[in-house]
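Have a look at the structure below before the remarks.
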Amino acid sequence: MSSLPLTLGFVPLIDCAPLVIARELGFAEDEGLALTLLPQPSWSALRDMLALGHLDAAQMLSPMPVAMSLGWGGLAAQVDALMVLSVNGTVFGLSRDFAARLPSHPGFGDPVAAARALAQAQDSPIRVGVPFPYSMHRLLLDYWVEFSPELDASQFEIVTVPPPRMADAVAQGTLDAFWVGEPWGSAAVARGVADLVLPGRAIWAFAPEKVLAARHGWIAENPETVSALIRAVHTAAHWLDTPRNTSLAVEILARSEHLDLPRETIDPALSGQLSPALGHAPVPVDRFLMFHRNTATFPWRSQAAWIAARLGADAAEQERARDFYRSDIYRDSLGPIGVDLPGASEKVEGAMRHATAVASSRGHMILGPDAFFDGGTFDRHPKT
Amino acid sequence: MQTSLRILVVEADEDRARQIIDALVEAGWSDVHALAQVSGLDRAIRTISPDIVLIDIANPDRDTLEHLSLVSDPKARPVAMFVDQTDDELTRAALNAGVSAYVVDGLTPTRIKSVLETAIARFHVMRQMQSELDAAKRALEDRKTIDRAKGILMRQRGIGEEEAYGLLRRTAMDQGRKVIEVAQALVTAADLLS
């Protein structure tokens, strides 16, 4: 039986791992798919290639399908998220020069202390690099600044810098701070030019980071292929989040032609052990990056609504955005093979301060925590 | 009228930048600028204030440009990309040629179209040259590998060059592979055993 060729776009970052593993360990082949993974030079290029049909599906920043489908950004197109590829996994860091000019160092992992320290910065504006305008990195930064009483958005100037150039920009003094996905935060630390201040999860404990996206029309025309792809990537995500596979995963990713990154830059994100500063012992960060645990792959419609709301969508647009995260297709693809599914497709984002048992198709499952640092919640249907 | 357009070409490779500018100047635009330095792209764009920015689709700095085109409001419509999205054919042609364009709002599509068509044509030529260069390099590499494989066979089996090549070709045909693949396998095996 010959496999169906499928071309997927990705950006070489640690969290493209589910796609690489689905291919390299044969999970895609098991589903009858022959995956070709095409690295893309930028998120804009990836978006264009997907929108114009040069790619069948692609890894995307979680806000991208929402923005594109609402018609915002460089190239609008109806693009849906089939599943979440990774939850969390980003870091906020400061250039060492900038940190040295602060009266007190913000430390690592405490958003309140970090806000207090940054509030004392003499430099204004503080230039922060993010990978793309429609990125979870930027939304987390915006959220942190908005809900920290010490901080004011006018203190910050946000610029887009391609992740592999982030450390250079910090070293050249073009950036005071950055919010970036691994390995580029740890890479900047290893070069001795930056200190890490926050893991992304310190702002939102369960932030959808990357999604698997495809054109709305293509999804409708290829239901079987879409389901096979979801199953293959889901199996890969499960494999990746099985602790005994971690060291093998690091090895496979390091050897893979798809990533071209040295082993030591892959290890921190997958093991959840980050060195916040050069020479500092690695600090364990619980749930730093999740692929499968706590139903990480489920595309919650409320996540899409939250993203839309944070991008400035009105109520009607938020309502439309729900439909861009295809929990319906996810259920249809994974339900029949016995995957435990949550009872609802929406949740009150931020309501779980701890891991919580909820109703699922097979009884109970553990979700969360998904709290925001300020204790805020997002409910699309707030009770009045 | 066309000549009043200010065009910025973002290209780190001096030679490529020169080729694009020459093509545009030849076609009648005189206000063409090049930017090689990618750091400080935002400042350059503010100073030059171009009507159209042309950038290679493979350039990672596209995301930075994209951000600048959105200004500060994430909901704002960008400064329009690829002219007008209604012109699907032109968008596709640009993408295939590997050029992306950012255009200030309010320019009439026809004025942009001629700039883009010139750029697309030039990018096509450059891409063609690159792929011809790549193909020539690959052919040379392949020949070296086949020569080495022939040499190995001639030594090991005490046969002539023609016979060695015949053996490679027969093996390739029997296995439904290319001669270069068989040669590569032989060279790799010989390297491992030596």
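Identifiers in this document derive from the order of the structure tokens: chains are assigned A, B, ..., residues are numbered from 1 separately in each chain, and ligands are numbered from 1 in order of occurrence.
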
Which chain A residues are at most 9 Å from chain B (counting only C-alpha atoms), as JSON, numbers by chain?
-> {"A": [40, 41, 42, 43, 44, 45, 48, 49, 52, 67, 71, 72, 73, 74, 75, 76, 131, 132, 133, 134, 158, 159, 160, 161, 162, 169, 174, 311, 312, 313]}

Could you name the residues that touch B:Ala149 at 8 Å or less, counting only C-alpha atoms, but leaving out those on the same chain fewer than 5 positions away, as number ranges by chain?
-> B: 183-184, 186-187

Since we have the selection now, will you write its residues out, keeping all heavy atoms, as a short mmCIF file (atom, residue, chain, number, x, y, z; two decimals), in the first residue's frame?
data_model
loop_
_atom_site.label_atom_id
_atom_site.label_comp_id
_atom_site.auth_asym_id
_atom_site.auth_seq_id
_atom_site.Cartn_x
_atom_site.Cartn_y
_atom_site.Cartn_z
N ALA B 183 26.25 4.06 -7.06
CA ALA B 183 27.62 4.53 -6.89
C ALA B 183 27.83 5.05 -5.47
O ALA B 183 28.83 4.77 -4.81
CB ALA B 183 27.93 5.60 -7.92
N GLN B 184 26.84 5.81 -4.99
CA GLN B 184 26.94 6.38 -3.64
C GLN B 184 27.02 5.26 -2.59
O GLN B 184 27.84 5.32 -1.67
CB GLN B 184 25.72 7.25 -3.34
CG GLN B 184 26.08 8.72 -3.29
CD GLN B 184 24.89 9.60 -3.65
OE1 GLN B 184 23.77 9.12 -3.82
NE2 GLN B 184 25.15 10.88 -3.78
N LEU B 186 28.07 2.26 -2.99
CA LEU B 186 29.36 1.57 -3.11
C LEU B 186 30.47 2.38 -2.44
O LEU B 186 31.28 1.85 -1.69
CB LEU B 186 29.68 1.34 -4.60
CG LEU B 186 30.95 0.55 -4.90
CD1 LEU B 186 30.88 -0.82 -4.27
CD2 LEU B 186 31.14 0.44 -6.40
N VAL B 187 30.47 3.69 -2.70
CA VAL B 187 31.50 4.56 -2.13
C VAL B 187 31.38 4.57 -0.60
O VAL B 187 32.38 4.48 0.12
CB VAL B 187 31.39 5.99 -2.72
CG1 VAL B 187 32.22 6.97 -1.92
CG2 VAL B 187 31.80 5.99 -4.18
#

Measure the distance from atom CA of A:Arg322 to atom CA of A:Ile230 in Å and round it to one decimal.
->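 Calculated distance between atom CA of A:Arg322 and atom CA of A:Ile230 is 19.1 Å.
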
Members of stretch 68-178 of chain B assigned strand (DSSP E) by DSSP, as number ranges by chain | B: 99-103

Would you save the residues from that selection as a PDB file, in the first residue's frame, using C-alpha atoms?
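Resulting contents of selection.pdb:
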ATOM      1  CA  VAL B  99       9.189  37.971  -4.034  1.00  0.00           C
ATOM      2  CA  SER B 100       6.939  39.572  -1.484  1.00  0.00           C
ATOM      3  CA  ALA B 101       5.862  43.178  -1.573  1.00  0.00           C
ATOM      4  CA  TYR B 102       4.530  45.570   1.036  1.00  0.00           C
ATOM      5  CA  VAL B 103       2.682  48.565  -0.252  1.00  0.00           C
TER       6      VAL B 103
END

Helix (DSSP H, G or I) residues, from DSSP on the backbone, in stretch 30-204 of chain A, as a PyMOL selection string = chain A and resi 30+43-51+63-69+96-101+111-119+136-146+153-155+163-171+184-190+200-202

If we count only C-alpha atoms, what is near A:Leu13 at a cut-off of 8 Å, once residues fewer than 6 positions away on the same chain are taken out, given as a count of residues only?
-> 4

Shell of 6 Å around stretch 233-246 of chain A, only C-alpha atoms, local chain residues under 6 positions omitted, as a list in words =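 Surrounding residues, per the criterion: Pro18, Ile21, Ala22, Phe291 and His292 of chain A.
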
Shell of 10 Å around B:Leu24, only C-alpha atoms, local chain residues under 2 positions omitted, as a tab-separated table (two decimals) with C-alpha atoms, in the first residue's frame:
chain	number	residue	atom	x	y	z
B	7	ILE	CA	10.81	51.70	-3.83
B	18	ARG	CA	22.06	45.50	-7.76
B	19	GLN	CA	20.28	43.25	-10.25
B	20	ILE	CA	16.84	44.10	-8.86
B	21	ILE	CA	17.56	47.83	-8.79
B	22	ASP	CA	18.95	47.77	-12.33
B	26	GLU	CA	15.67	50.20	-16.63
B	27	ALA	CA	11.90	49.93	-16.51
B	28	GLY	CA	11.58	53.59	-15.59
B	29	TRP	CA	11.67	53.93	-11.80
B	30	SER	CA	14.43	56.13	-10.52
B	31	ASP	CA	13.67	56.45	-6.81
B	32	VAL	CA	14.92	53.01	-5.80
B	114	SER	CA	3.89	47.24	-13.09
B	115	VAL	CA	6.51	47.47	-10.33
B	116	LEU	CA	5.67	43.99	-9.18
B	117	GLU	CA	5.75	42.56	-12.67
B	118	THR	CA	9.23	43.96	-13.19
B	119	ALA	CA	10.37	42.56	-9.85
B	122	ARG	CA	13.90	39.74	-12.31

Which one of A:Met365, A:Ala100, A:Ala121, A:Ala309 sits closest to A:Asp152 if you count only C-alpha atoms?
->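 Closest to A:Asp152 of all the choices is A:Ala121.
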
For B:Ile48, work out the shell of residues within 9 Å, counting only C-alpha atoms and skipping chain neighbours fewer than 6 positions away, then give it as a list in words.
->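 Residues near the query, excluding close chain neighbours: Arg6, Leu8 and His33 of chain B.
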
Generate a file of the selected residues that holds N, CA and C atoms, formatted as a PDB file, in the first residue's frame.
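Generated output (part19.pdb):
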ATOM      1  N   ARG B   6       8.463  55.585  -4.632  1.00  0.00           N
ATOM      2  CA  ARG B   6       9.713  55.312  -3.944  1.00  0.00           C
ATOM      3  C   ARG B   6       9.746  53.840  -3.544  1.00  0.00           C
ATOM      4  N   LEU B   8      11.795  50.489  -1.985  1.00  0.00           N
ATOM      5  CA  LEU B   8      12.900  50.017  -1.143  1.00  0.00           C
ATOM      6  C   LEU B   8      13.082  48.519  -1.355  1.00  0.00           C
ATOM      7  N   HIS B  33      15.744  52.422  -3.603  1.00  0.00           N
ATOM      8  CA  HIS B  33      16.743  52.331  -2.538  1.00  0.00           C
ATOM      9  C   HIS B  33      16.972  50.873  -2.176  1.00  0.00           C
TER      10      HIS B  33
END
